[in-house]
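*Asks:* Provided herewith is a single structure, encoded as structure tokens, for subsequent inquiry.
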Amino acid sequence: MKRTIGVCYYPEHWPEDIWATDARRMAEAGLSWVRIGEFAWSRMEPKPGHFEWDWLDRAIETLGAAGLKVILGTPTATPPLWMLNKHPDMLAHDEAGTIRKFGSRRHYCFSHDGYRQEARRITRLMAERYGKNPYIAAWQTDNEYDCHDTAISYSPHAYGAFQDWCAQRYQSPDALNSAWGNVFWSMDYDSFDQLGLPNQTVTEPNPSHVLAFRRFSSDQVVLFNRVQCDEIRKNSQAPIIHNFMGRITSFDHYDVGADLDISSWDSYPMGFLLDRVGATDDDKAHFLRQGDPDFQAFHHDLYRATSNGRWWIMEQQPGPVNWAPWNPAPLPGMPRLWAWEAFAHGAETVCYFRWRQAPFAQEQMHAGLLQPDSTAAPALGDAAQVAAELAELPDVGTAQAQVALVFDYDSAYAWETQPQGADFDYFQMVFDCYRALRRAGWSVDVVPKTVDPSTYKITFAPGLLTVPTSLSGGLVVAGPRAGSKTEELTIPESLVPQIAGLATKVTYVESLPPFAPMSLKGGGAFEKWREAIETDDAVILQLEDGAPAAVRADDMIYLAGWPNPSLWRRLLVQVAQEQGLPIMDLPRDIRIRDTQTHRFWFNYGPKPVMWNDMTLPAAGVHWEIL
Ligand code: GAL
């Protein structure tokens with residue numbers, strides 16, 4: 001397969017007489033794709049039922065004639081003001097009950113039927129008009145579900161839809177009461193229409209109620225997206241894509257991905273570092289202009305799993321963004337390195353966001369490939385270099401990794417609902433494990449919990465809410481908190497962990513403040529979380545006081561705590577030896593990724609790094625044939 005690059009473009013932001021020059025310059029820079037349309041509803045349908053497609057026809061024609069393939073976005077993330085006059089109750093409500101108003105974007109509630117029909121209508125009209133257009137080579141549905149925390153809404157429409165959802169899931173109020181334990185605090189319901197949303201309660205709502213609402217909210221996103229996919233498929237053969245975001249656990253990306261042909265995500269490494277990686281101050285300073293060395297890679301591996309292996313970067317940071325707490329500029333070469341890391345993980349296409357910096361509105365401080373005056377911004381050179389390199393390089397393929405890491409949205413909902421410790425965060429726990437795997441030099445497949453572990457040398461599954469019996473047949477490292485609850489977030493009768501074959505019982509759990517890690521004999525520690533266990537299984541690690549810290553029954557290893565980095569390292573060395581898997585101890589700045597044919601090396605550090613007789617310059621990428 002030929003890997004390609006592209007760019008996001010907003011013809012409606014610019015005078016028409018510069019479109020052709022823009023298109024020519026894009027093609028000259030080696031860009032193959034251009035994404036348009038995703039926020040342009042007010043220009044497509046300025047008044048209800050009054051359409052102006054001519055400008056879009058001409059934009060597509062101009063871009064296509066320059067040799068570019070167009071990704072056409074549905075504009076449903078930005079309903080125009082008239083839509084609100086038509087559907088005044090379509091806005092989302094936040095947890096405090098405040099209505100989220102017009103004046104930016106994503107101002108809709110996923111549960112509003114009327115708006116979903118409007119989304120269906122505009123998508124159908126676009127698909128009918130452009131579905132056979134030879135220049136339309138892909139579609140994007142909406143834009144970044146949940147951006148600005150919009151997946152979960154507590155509106156009256158969500159309220160009604162949630163009651164229906166519960167009626168379907170539980171069939172009777174008694175079944176719901178007993179599944180959730182509503183006898184506690186007299187929370188019983190007699191009918192589904194009494195059931196409220198789990199917000200604005202005096203103290204915390206029933207965690208089972210919250211978990212049900214999280215699942216419901218995810219299903220609403222899936223439904224909203226599916227409506228658009230259905231309309232597009234009736235009229236077009238081109239692949240359907242949605243652009244996911246980083247560290248979003250408010251909906252199940254596997255479920256949305258099942259309706260897509262290609263998953264994509266929007267990668268802003270420097271914004272993320274300061275905004276959502278959870279980095280230490282030292283790491284923030286060290287990686288300030290490069291971004292975290294593992295955060296993007298994790299999402300590449302995760303989203304690859306959400307639509308059968310086909311995935312893209314739909315938006316790649318080109319320079320300073322506008323939305324992070326601070327917005328420094330990348331080291332020269334980083335927009336190239338980020339793209340290559342994505343290709344090394346199997347991305348088919350990387351699109352930079354955006355072509356030209358807008359001189360107006362919310363994102364006027366956000367860099368593009370061009371300055372607002374159309375002169376080249378630094379990243380244009382990076383993009384052109386990547387395009388030239390792609391033209392030179394034979395395809396690098398994507399290999400199945402030898403190591404798998406389970407990421408499960410249901411578990412994220414559960415532990416976000418019931419953290420039990422201020423810093424118990426499911427995403428962070430999985431990500432800590434991922435970082436340890438990357439430091440070991442391993443390429444990783446992030447997988448759903450339905451994975452067959454016999455197809456990997458080792459499968460890691462930290463924090464899995466419920467552990468399916470199918471998660472066996474290969475070496476599995478599970479825990480902590482694995483199999484510790486029922487599907488409804490109650491404690492199972494047989495106590496925990498509910499893992500087939502394990503003769504271990506958790507007698508109590510403790511969450512640990514940052515200043516109170518618990519050391520293990522032989523090195524490493526548990527941080528944040530620790531479980532006291534009684535066991536008839538083989539004890540393979542012990543706390544300083546001799547208490548069991550990890551046990552093993554055949555191919556199942558159970559960790560009774562949240563390992564710190566040195567404990568992860570210890571464990572990986574042990575299992576690597578057993579599995580005959582070569583293991584490295586990569587320096588802080590260096591990462592590698594293997595494909596079918598190539599090994600890629602990346603230097604995320606601010607300075608050159610000597611490693612294995614090779615000097616990698618700062619922001620350096622090196623590849624060699626395997
Ligand atoms: C993304 C979004 C884009 C733009 C960009 C700025 O989250 O999809 O529309 O806002 O961020 O970095």
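The chains in the structure tokens are called A, B, ... from first to last as shown; in each chain the residues are counted from 1, and the ligands are counted from 1 in the order shown.
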Enumerate residues in contact with ligand 1: an atom-to-atom distance of at most 10 Å, counting only C-alpha atoms and all ligand atoms. Format the result as a ChimeraX atom specification.
*Replies:* /A:8,38-39,77,105,142-148,243-246,265-268,271,314-324,353-354,362-363,365-368
*Asks:* Restricting the output to N, CA, C and O atoms, write the selected residues as a short mmCIF file (atom, residue, chain, number, x, y, z; two decimals), in the first residue's frame.
*Replies:*
```
data_model
loop_
_atom_site.label_atom_id
_atom_site.label_comp_id
_atom_site.auth_asym_id
_atom_site.auth_seq_id
_atom_site.Cartn_x
_atom_site.Cartn_y
_atom_site.Cartn_z
N CYS A 8 -5.90 19.51 6.12
CA CYS A 8 -7.27 19.95 6.35
C CYS A 8 -7.41 21.37 5.80
O CYS A 8 -6.54 22.22 6.05
N GLU A 38 -16.19 20.00 7.13
CA GLU A 38 -16.79 19.48 8.36
C GLU A 38 -17.39 20.55 9.28
O GLU A 38 -18.08 20.18 10.23
N PHE A 39 -17.15 21.83 8.98
CA PHE A 39 -17.81 22.84 9.84
C PHE A 39 -18.66 23.81 9.01
O PHE A 39 -18.99 24.89 9.49
N ALA A 77 -21.11 18.73 13.45
CA ALA A 77 -20.56 19.24 14.71
C ALA A 77 -20.89 20.72 14.89
O ALA A 77 -20.69 21.27 15.98
N ARG A 105 -18.99 25.30 19.09
CA ARG A 105 -19.34 24.14 18.28
C ARG A 105 -19.77 22.99 19.18
O ARG A 105 -19.69 23.09 20.39
N ASP A 142 -19.14 13.78 11.09
CA ASP A 142 -19.09 14.75 12.19
C ASP A 142 -17.63 15.17 12.43
O ASP A 142 -16.81 15.18 11.50
N ASN A 143 -17.28 15.53 13.64
CA ASN A 143 -15.90 15.87 13.98
C ASN A 143 -15.66 15.63 15.45
O ASN A 143 -16.35 16.21 16.29
N GLU A 144 -14.75 14.73 15.76
CA GLU A 144 -14.31 14.49 17.13
C GLU A 144 -15.47 14.37 18.12
O GLU A 144 -15.71 15.28 18.93
N TYR A 145 -16.14 13.23 18.10
CA TYR A 145 -17.16 12.98 19.12
C TYR A 145 -16.53 13.15 20.50
O TYR A 145 -15.42 12.67 20.75
N ASP A 146 -17.24 13.83 21.33
CA ASP A 146 -16.85 14.14 22.72
C ASP A 146 -15.87 15.30 22.86
O ASP A 146 -15.53 15.68 23.98
N CYS A 147 -15.40 15.89 21.77
CA CYS A 147 -14.55 17.08 21.94
C CYS A 147 -15.33 18.07 22.82
O CYS A 147 -16.55 18.19 22.69
N HIS A 148 -14.63 18.73 23.71
CA HIS A 148 -15.23 19.67 24.67
C HIS A 148 -16.24 18.97 25.59
O HIS A 148 -17.26 19.55 25.98
N ASN A 243 -12.87 11.00 13.04
CA ASN A 243 -11.60 11.40 13.69
C ASN A 243 -11.77 11.40 15.21
O ASN A 243 -12.39 12.29 15.78
N PHE A 244 -11.21 10.37 15.85
CA PHE A 244 -11.23 10.27 17.31
C PHE A 244 -10.20 11.23 17.90
O PHE A 244 -9.38 11.82 17.19
N MET A 245 -10.24 11.31 19.24
CA MET A 245 -9.29 12.18 19.96
C MET A 245 -8.42 11.35 20.89
O MET A 245 -8.60 10.15 21.02
N GLY A 246 -7.54 12.03 21.60
CA GLY A 246 -6.65 11.35 22.55
C GLY A 246 -7.23 11.33 23.95
O GLY A 246 -7.84 12.30 24.39
N TRP A 265 -7.48 9.48 14.07
CA TRP A 265 -7.49 10.32 15.28
C TRP A 265 -6.67 11.55 15.05
O TRP A 265 -5.90 11.65 14.08
N ASP A 266 -6.85 12.52 15.96
CA ASP A 266 -6.24 13.84 15.79
C ASP A 266 -5.13 13.98 16.82
O ASP A 266 -5.38 13.96 18.02
N SER A 267 -3.92 14.10 16.32
CA SER A 267 -2.74 13.98 17.16
C SER A 267 -2.06 15.33 17.37
O SER A 267 -1.51 15.91 16.43
N TYR A 268 -2.11 15.80 18.60
CA TYR A 268 -1.50 17.09 18.97
C TYR A 268 -0.52 16.86 20.10
O TYR A 268 -0.80 17.20 21.27
N GLY A 271 0.32 19.75 22.72
CA GLY A 271 -0.87 20.12 23.49
C GLY A 271 -1.17 19.04 24.52
O GLY A 271 -1.41 19.33 25.70
N MET A 314 -6.00 12.00 11.12
CA MET A 314 -6.78 12.97 10.33
C MET A 314 -6.29 14.39 10.59
O MET A 314 -6.40 15.26 9.72
N GLU A 315 -5.76 14.65 11.78
CA GLU A 315 -5.21 15.98 12.07
C GLU A 315 -3.89 15.79 12.80
O GLU A 315 -3.85 15.19 13.87
N GLN A 316 -2.84 16.30 12.21
CA GLN A 316 -1.52 16.24 12.84
C GLN A 316 -1.08 17.66 13.18
O GLN A 316 -1.11 18.55 12.32
N GLN A 317 -0.66 17.85 14.43
CA GLN A 317 -0.17 19.17 14.86
C GLN A 317 0.96 19.62 13.94
O GLN A 317 1.91 18.87 13.71
N PRO A 318 0.89 20.88 13.46
CA PRO A 318 1.96 21.37 12.59
C PRO A 318 2.94 22.32 13.31
O PRO A 318 4.08 22.47 12.92
N GLY A 319 2.46 22.99 14.33
CA GLY A 319 3.24 24.02 15.03
C GLY A 319 2.50 24.29 16.33
O GLY A 319 1.75 23.44 16.80
N PRO A 320 2.67 25.50 16.91
CA PRO A 320 1.95 25.78 18.16
C PRO A 320 0.43 25.69 17.96
O PRO A 320 -0.08 26.12 16.94
N VAL A 321 -0.24 25.13 18.96
CA VAL A 321 -1.71 25.16 18.93
C VAL A 321 -2.16 26.33 19.79
O VAL A 321 -1.34 27.12 20.28
N ASN A 322 -3.44 26.48 19.98
CA ASN A 322 -3.96 27.62 20.74
C ASN A 322 -4.63 27.20 22.04
O ASN A 322 -4.96 28.03 22.86
N TRP A 323 -4.85 25.87 22.22
CA TRP A 323 -5.79 25.46 23.26
C TRP A 323 -5.16 24.85 24.51
O TRP A 323 -5.84 24.61 25.49
N ALA A 324 -3.85 24.58 24.47
CA ALA A 324 -3.22 23.98 25.65
C ALA A 324 -2.92 25.09 26.66
O ALA A 324 -2.98 26.27 26.33
N PHE A 353 -3.08 19.44 10.20
CA PHE A 353 -4.15 20.40 10.47
C PHE A 353 -3.48 21.75 10.69
O PHE A 353 -2.73 21.90 11.63
N ARG A 354 -3.67 22.67 9.97
CA ARG A 354 -4.51 22.92 8.84
C ARG A 354 -3.68 23.54 7.75
O ARG A 354 -2.50 23.83 8.00
N GLN A 362 -11.78 31.69 16.79
CA GLN A 362 -11.22 30.99 17.96
C GLN A 362 -9.80 30.47 17.75
O GLN A 362 -9.02 30.39 18.69
N GLU A 363 -9.49 30.04 16.53
CA GLU A 363 -8.20 29.38 16.34
C GLU A 363 -7.18 30.23 15.58
O GLU A 363 -6.28 29.71 14.92
N MET A 365 -4.74 31.75 16.67
CA MET A 365 -3.37 31.56 17.17
C MET A 365 -2.85 30.14 16.89
O MET A 365 -1.81 29.74 17.41
N HIS A 366 -3.57 29.37 16.10
CA HIS A 366 -3.20 27.98 15.82
C HIS A 366 -2.43 27.92 14.51
O HIS A 366 -2.91 28.37 13.47
N ALA A 367 -1.23 27.35 14.55
CA ALA A 367 -0.40 27.30 13.35
C ALA A 367 -1.02 26.42 12.27
O ALA A 367 -1.84 25.55 12.54
N GLY A 368 -0.60 26.66 11.05
CA GLY A 368 -0.94 25.81 9.91
C GLY A 368 0.32 25.51 9.13
O GLY A 368 1.44 25.79 9.60
#
```
*Asks:* Report as an mmCIF file with all heavy atoms, in the first residue's frame all protein, DNA and RNA residues lying within 10 Å of region 433-435 of chain A, evaluated on only C-alpha atoms, omitting residues in the same chain fewer than 4 positions from it.
*Replies:*
```cif
data_model
loop_
_atom_site.group_PDB
_atom_site.id
_atom_site.type_symbol
_atom_site.label_atom_id
_atom_site.label_comp_id
_atom_site.auth_asym_id
_atom_site.auth_seq_id
_atom_site.Cartn_x
_atom_site.Cartn_y
_atom_site.Cartn_z
ATOM 1 N N PRO A 293 6.852 10.680 24.462
ATOM 2 C CA PRO A 293 7.292 9.670 23.480
ATOM 3 C C PRO A 293 6.353 8.469 23.335
ATOM 4 O O PRO A 293 6.531 7.678 22.406
ATOM 5 C CB PRO A 293 8.651 9.218 24.026
ATOM 6 C CG PRO A 293 8.688 9.619 25.448
ATOM 7 C CD PRO A 293 7.747 10.777 25.615
ATOM 8 N N ASP A 294 5.391 8.306 24.225
ATOM 9 C CA ASP A 294 4.525 7.118 24.156
ATOM 10 C C ASP A 294 3.046 7.422 23.929
ATOM 11 O O ASP A 294 2.293 6.547 23.525
ATOM 12 C CB ASP A 294 4.661 6.304 25.464
ATOM 13 C CG ASP A 294 6.092 5.874 25.691
ATOM 14 O OD1 ASP A 294 6.686 5.311 24.758
ATOM 15 O OD2 ASP A 294 6.637 6.134 26.785
ATOM 16 N N PHE A 295 2.646 8.628 24.208
ATOM 17 C CA PHE A 295 1.208 8.934 24.197
ATOM 18 C C PHE A 295 0.599 8.777 22.797
ATOM 19 O O PHE A 295 -0.462 8.173 22.635
ATOM 20 C CB PHE A 295 0.996 10.356 24.719
ATOM 21 C CG PHE A 295 -0.434 10.692 25.024
ATOM 22 C CD1 PHE A 295 -1.024 10.259 26.207
ATOM 23 C CD2 PHE A 295 -1.194 11.445 24.147
ATOM 24 C CE1 PHE A 295 -2.353 10.573 26.503
ATOM 25 C CE2 PHE A 295 -2.515 11.772 24.436
ATOM 26 C CZ PHE A 295 -3.093 11.329 25.613
ATOM 27 N N ALA A 297 1.903 7.055 20.297
ATOM 28 C CA ALA A 297 2.056 5.651 19.895
ATOM 29 C C ALA A 297 0.934 4.800 20.482
ATOM 30 O O ALA A 297 0.371 3.933 19.805
ATOM 31 C CB ALA A 297 3.416 5.136 20.355
ATOM 32 N N PHE A 298 0.601 5.055 21.743
ATOM 33 C CA PHE A 298 -0.484 4.297 22.377
ATOM 34 C C PHE A 298 -1.782 4.437 21.573
ATOM 35 O O PHE A 298 -2.478 3.457 21.299
ATOM 36 C CB PHE A 298 -0.703 4.779 23.823
ATOM 37 C CG PHE A 298 -1.892 4.136 24.475
ATOM 38 C CD1 PHE A 298 -1.795 2.850 24.988
ATOM 39 C CD2 PHE A 298 -3.117 4.789 24.551
ATOM 40 C CE1 PHE A 298 -2.903 2.228 25.571
ATOM 41 C CE2 PHE A 298 -4.224 4.172 25.129
ATOM 42 C CZ PHE A 298 -4.114 2.891 25.635
ATOM 43 N N ALA A 404 0.477 -8.039 23.452
ATOM 44 C CA ALA A 404 -0.827 -7.372 23.383
ATOM 45 C C ALA A 404 -1.135 -6.704 24.719
ATOM 46 O O ALA A 404 -0.708 -7.171 25.781
ATOM 47 C CB ALA A 404 -1.916 -8.381 23.052
ATOM 48 N N LEU A 405 -1.885 -5.619 24.641
ATOM 49 C CA LEU A 405 -2.308 -4.891 25.837
ATOM 50 C C LEU A 405 -3.797 -4.601 25.686
ATOM 51 O O LEU A 405 -4.213 -3.978 24.700
ATOM 52 C CB LEU A 405 -1.509 -3.583 25.944
ATOM 53 C CG LEU A 405 -1.938 -2.597 27.021
ATOM 54 C CD1 LEU A 405 -1.803 -3.191 28.418
ATOM 55 C CD2 LEU A 405 -1.088 -1.313 26.930
ATOM 56 N N VAL A 406 -4.586 -5.066 26.636
ATOM 57 C CA VAL A 406 -6.039 -4.890 26.531
ATOM 58 C C VAL A 406 -6.430 -3.487 26.980
ATOM 59 O O VAL A 406 -5.998 -3.029 28.046
ATOM 60 C CB VAL A 406 -6.770 -5.932 27.410
ATOM 61 C CG1 VAL A 406 -8.278 -5.677 27.395
ATOM 62 C CG2 VAL A 406 -6.453 -7.348 26.939
ATOM 63 N N GLN A 428 -4.657 5.748 32.896
ATOM 64 C CA GLN A 428 -3.274 5.930 33.343
ATOM 65 C C GLN A 428 -2.621 4.577 33.646
ATOM 66 O O GLN A 428 -1.448 4.359 33.338
ATOM 67 C CB GLN A 428 -3.254 6.807 34.600
ATOM 68 C CG GLN A 428 -1.887 7.338 34.953
ATOM 69 C CD GLN A 428 -1.364 8.337 33.924
ATOM 70 O OE1 GLN A 428 -2.068 9.267 33.573
ATOM 71 N NE2 GLN A 428 -0.155 8.134 33.425
ATOM 72 N N MET A 429 -3.388 3.675 34.216
ATOM 73 C CA MET A 429 -2.814 2.376 34.570
ATOM 74 C C MET A 429 -2.420 1.602 33.314
ATOM 75 O O MET A 429 -1.328 1.024 33.227
ATOM 76 C CB MET A 429 -3.809 1.562 35.407
ATOM 77 C CG MET A 429 -3.235 0.246 35.860
ATOM 78 S SD MET A 429 -4.135 -0.473 37.224
ATOM 79 C CE MET A 429 -5.734 -0.603 36.545
ATOM 80 N N ARG A 439 9.433 0.971 26.572
ATOM 81 C CA ARG A 439 10.816 1.094 27.045
ATOM 82 C C ARG A 439 11.562 -0.227 26.841
ATOM 83 O O ARG A 439 12.780 -0.260 26.704
ATOM 84 C CB ARG A 439 10.872 1.467 28.536
ATOM 85 C CG ARG A 439 10.417 2.874 28.887
ATOM 86 C CD ARG A 439 11.341 3.971 28.433
ATOM 87 N NE ARG A 439 12.636 4.098 29.088
ATOM 88 C CZ ARG A 439 12.928 4.944 30.070
ATOM 89 N NH1 ARG A 439 11.995 5.696 30.590
ATOM 90 N NH2 ARG A 439 14.151 5.031 30.536
ATOM 91 N N ALA A 440 10.824 -1.332 26.832
ATOM 92 C CA ALA A 440 11.441 -2.642 26.591
ATOM 93 C C ALA A 440 11.752 -2.849 25.112
ATOM 94 O O ALA A 440 12.285 -3.891 24.721
ATOM 95 C CB ALA A 440 10.510 -3.744 27.091
ATOM 96 N N GLY A 441 11.380 -1.865 24.299
ATOM 97 C CA GLY A 441 11.662 -1.965 22.867
ATOM 98 C C GLY A 441 10.636 -2.805 22.120
ATOM 99 O O GLY A 441 10.871 -3.202 20.978
ATOM 100 N N TRP A 442 9.509 -3.069 22.747
ATOM 101 C CA TRP A 442 8.515 -3.942 22.125
ATOM 102 C C TRP A 442 7.480 -3.150 21.330
ATOM 103 O O TRP A 442 7.019 -2.105 21.758
ATOM 104 C CB TRP A 442 7.782 -4.777 23.196
ATOM 105 C CG TRP A 442 8.677 -5.759 23.880
ATOM 106 C CD1 TRP A 442 9.909 -6.184 23.441
ATOM 107 C CD2 TRP A 442 8.444 -6.432 25.126
ATOM 108 N NE1 TRP A 442 10.448 -7.086 24.330
ATOM 109 C CE2 TRP A 442 9.565 -7.260 25.373
ATOM 110 C CE3 TRP A 442 7.392 -6.421 26.035
ATOM 111 C CZ2 TRP A 442 9.674 -8.064 26.498
ATOM 112 C CZ3 TRP A 442 7.488 -7.226 27.163
ATOM 113 C CH2 TRP A 442 8.613 -8.038 27.393
ATOM 114 N N SER A 443 7.102 -3.707 20.214
ATOM 115 C CA SER A 443 5.948 -3.199 19.487
ATOM 116 C C SER A 443 4.721 -3.859 20.098
ATOM 117 O O SER A 443 4.768 -5.031 20.460
ATOM 118 C CB SER A 443 6.056 -3.549 18.005
ATOM 119 O OG SER A 443 7.200 -2.936 17.464
ATOM 120 N N VAL A 444 3.651 -3.113 20.202
ATOM 121 C CA VAL A 444 2.488 -3.560 20.976
ATOM 122 C C VAL A 444 1.227 -3.474 20.114
ATOM 123 O O VAL A 444 1.062 -2.530 19.348
ATOM 124 C CB VAL A 444 2.293 -2.641 22.215
ATOM 125 C CG1 VAL A 444 1.113 -3.082 23.057
ATOM 126 C CG2 VAL A 444 3.567 -2.584 23.051
ATOM 127 N N ASP A 445 0.354 -4.448 20.250
ATOM 128 C CA ASP A 445 -1.007 -4.309 19.727
ATOM 129 C C ASP A 445 -1.917 -4.011 20.902
ATOM 130 O O ASP A 445 -1.978 -4.804 21.849
ATOM 131 C CB ASP A 445 -1.496 -5.615 19.074
ATOM 132 C CG ASP A 445 -0.877 -5.841 17.700
ATOM 133 O OD1 ASP A 445 -0.283 -4.891 17.144
ATOM 134 O OD2 ASP A 445 -0.989 -6.967 17.180
ATOM 135 N N VAL A 446 -2.610 -2.890 20.866
ATOM 136 C CA VAL A 446 -3.660 -2.673 21.856
ATOM 137 C C VAL A 446 -4.896 -3.399 21.326
ATOM 138 O O VAL A 446 -5.184 -3.353 20.122
ATOM 139 C CB VAL A 446 -3.921 -1.172 22.082
ATOM 140 C CG1 VAL A 446 -5.064 -0.960 23.074
ATOM 141 C CG2 VAL A 446 -2.650 -0.504 22.604
ATOM 142 N N PHE A 460 -1.226 -8.388 28.273
ATOM 143 C CA PHE A 460 -1.367 -7.649 29.534
ATOM 144 C C PHE A 460 -2.799 -7.133 29.636
ATOM 145 O O PHE A 460 -3.344 -6.628 28.648
ATOM 146 C CB PHE A 460 -0.387 -6.475 29.584
ATOM 147 C CG PHE A 460 1.046 -6.937 29.621
ATOM 148 C CD1 PHE A 460 1.721 -7.242 28.445
ATOM 149 C CD2 PHE A 460 1.711 -7.099 30.828
ATOM 150 C CE1 PHE A 460 3.034 -7.698 28.473
ATOM 151 C CE2 PHE A 460 3.022 -7.550 30.864
ATOM 152 C CZ PHE A 460 3.685 -7.853 29.684
ATOM 153 N N ALA A 461 -3.383 -7.285 30.813
ATOM 154 C CA ALA A 461 -4.780 -6.854 30.974
ATOM 155 C C ALA A 461 -4.986 -6.235 32.347
ATOM 156 O O ALA A 461 -5.712 -6.764 33.185
ATOM 157 C CB ALA A 461 -5.710 -8.048 30.774
ATOM 158 N N PRO A 462 -4.365 -5.074 32.593
ATOM 159 C CA PRO A 462 -4.548 -4.464 33.913
ATOM 160 C C PRO A 462 -5.967 -3.922 34.083
ATOM 161 O O PRO A 462 -6.557 -3.410 33.132
ATOM 162 C CB PRO A 462 -3.526 -3.318 33.922
ATOM 163 C CG PRO A 462 -3.136 -3.079 32.513
ATOM 164 C CD PRO A 462 -3.476 -4.293 31.717
ATOM 165 N N TRP A 562 -0.762 -1.926 41.738
ATOM 166 C CA TRP A 562 -0.434 -1.101 40.556
ATOM 167 C C TRP A 562 1.086 -0.941 40.539
ATOM 168 O O TRP A 562 1.643 -0.237 41.398
ATOM 169 C CB TRP A 562 -1.140 0.240 40.696
ATOM 170 C CG TRP A 562 -0.895 1.264 39.643
ATOM 171 C CD1 TRP A 562 0.267 1.554 38.999
ATOM 172 C CD2 TRP A 562 -1.864 2.189 39.124
ATOM 173 N NE1 TRP A 562 0.090 2.580 38.105
ATOM 174 C CE2 TRP A 562 -1.205 2.993 38.166
ATOM 175 C CE3 TRP A 562 -3.215 2.425 39.370
ATOM 176 C CZ2 TRP A 562 -1.865 4.009 37.471
ATOM 177 C CZ3 TRP A 562 -3.861 3.437 38.679
ATOM 178 C CH2 TRP A 562 -3.194 4.224 37.733
ATOM 179 N N PRO A 563 1.785 -1.571 39.599
ATOM 180 C CA PRO A 563 3.243 -1.548 39.621
ATOM 181 C C PRO A 563 3.808 -0.163 39.279
ATOM 182 O O PRO A 563 3.283 0.516 38.392
ATOM 183 C CB PRO A 563 3.646 -2.532 38.509
ATOM 184 C CG PRO A 563 2.400 -3.296 38.176
ATOM 185 C CD PRO A 563 1.254 -2.393 38.504
ATOM 186 N N ASN A 564 4.867 0.236 39.977
ATOM 187 C CA ASN A 564 5.572 1.445 39.563
ATOM 188 C C ASN A 564 6.511 1.060 38.407
ATOM 189 O O ASN A 564 6.647 -0.127 38.078
ATOM 190 C CB ASN A 564 6.284 2.100 40.760
ATOM 191 C CG ASN A 564 7.502 1.331 41.215
ATOM 192 O OD1 ASN A 564 7.777 0.219 40.729
ATOM 193 N ND2 ASN A 564 8.229 1.893 42.155
ATOM 194 N N PRO A 565 7.172 2.040 37.756
ATOM 195 C CA PRO A 565 7.956 1.695 36.561
ATOM 196 C C PRO A 565 9.022 0.631 36.825
ATOM 197 O O PRO A 565 9.236 -0.258 35.983
ATOM 198 C CB PRO A 565 8.588 3.029 36.145
ATOM 199 C CG PRO A 565 7.624 4.067 36.652
ATOM 200 C CD PRO A 565 7.061 3.513 37.936
ATOM 201 N N TRP A 568 7.336 -2.756 36.941
ATOM 202 C CA TRP A 568 6.982 -3.201 35.581
ATOM 203 C C TRP A 568 8.218 -3.787 34.895
ATOM 204 O O TRP A 568 8.178 -4.837 34.277
ATOM 205 C CB TRP A 568 6.420 -2.047 34.738
ATOM 206 C CG TRP A 568 4.928 -1.897 34.807
ATOM 207 C CD1 TRP A 568 4.240 -0.771 35.147
ATOM 208 C CD2 TRP A 568 3.929 -2.893 34.515
ATOM 209 N NE1 TRP A 568 2.886 -1.004 35.098
ATOM 210 C CE2 TRP A 568 2.664 -2.294 34.705
ATOM 211 C CE3 TRP A 568 3.978 -4.238 34.120
ATOM 212 C CZ2 TRP A 568 1.466 -2.982 34.509
ATOM 213 C CZ3 TRP A 568 2.781 -4.927 33.916
ATOM 214 C CH2 TRP A 568 1.552 -4.304 34.113
ATOM 215 N N ARG A 569 9.327 -3.064 35.029
ATOM 216 C CA ARG A 569 10.557 -3.493 34.370
ATOM 217 C C ARG A 569 10.954 -4.904 34.846
ATOM 218 O O ARG A 569 11.268 -5.781 34.035
ATOM 219 C CB ARG A 569 11.653 -2.477 34.700
ATOM 220 C CG ARG A 569 13.012 -2.826 34.217
ATOM 221 C CD ARG A 569 13.135 -2.581 32.732
ATOM 222 N NE ARG A 569 14.259 -3.304 32.174
ATOM 223 C CZ ARG A 569 14.409 -3.588 30.891
ATOM 224 N NH1 ARG A 569 13.494 -3.226 30.008
ATOM 225 N NH2 ARG A 569 15.454 -4.230 30.459
ATOM 226 N N LEU A 572 8.681 -7.489 33.375
ATOM 227 C CA LEU A 572 8.877 -7.689 31.935
ATOM 228 C C LEU A 572 10.129 -8.511 31.678
ATOM 229 O O LEU A 572 10.150 -9.373 30.796
ATOM 230 C CB LEU A 572 8.963 -6.348 31.196
ATOM 231 C CG LEU A 572 7.717 -5.472 31.246
ATOM 232 C CD1 LEU A 572 7.808 -4.349 30.215
ATOM 233 C CD2 LEU A 572 6.437 -6.255 31.023
#
```
*Asks:* Give me the residues within 7 Å of Ile241 (chain A) as a PyMOL selection string, counting only C-alpha atoms and dropping any in the same chain fewer than 6 places off.
*Replies:* chain A and resi 139-141+260-264
*Asks:* Give me the residues of region 336-414 of chain A that have any atom at most 12 Å from an atom of region 466-483 of chain A; for each, the nearest atom pair and the distance in Å, rounded to one decimal. Use only C-alpha atoms, sort by chain and number, and format it as CSV.
*Replies:*
```
residue,atom,partner,partner_atom,distance
A:Gln402,CA,A:Leu475,CA,11.5
A:Val403,CA,A:Leu475,CA,10.1
A:Ala404,CA,A:Val476,CA,9.3
A:Leu405,CA,A:Val477,CA,9.4
A:Val406,CA,A:Ala478,CA,9.7
A:Asp408,CA,A:Thr466,CA,9.9
A:Tyr409,CA,A:Thr466,CA,11.6
A:Asp410,CA,A:Thr466,CA,9.1
A:Ser411,CA,A:Thr466,CA,7.9
A:Ala412,CA,A:Thr466,CA,11.7
A:Ala414,CA,A:Thr466,CA,10.3
```
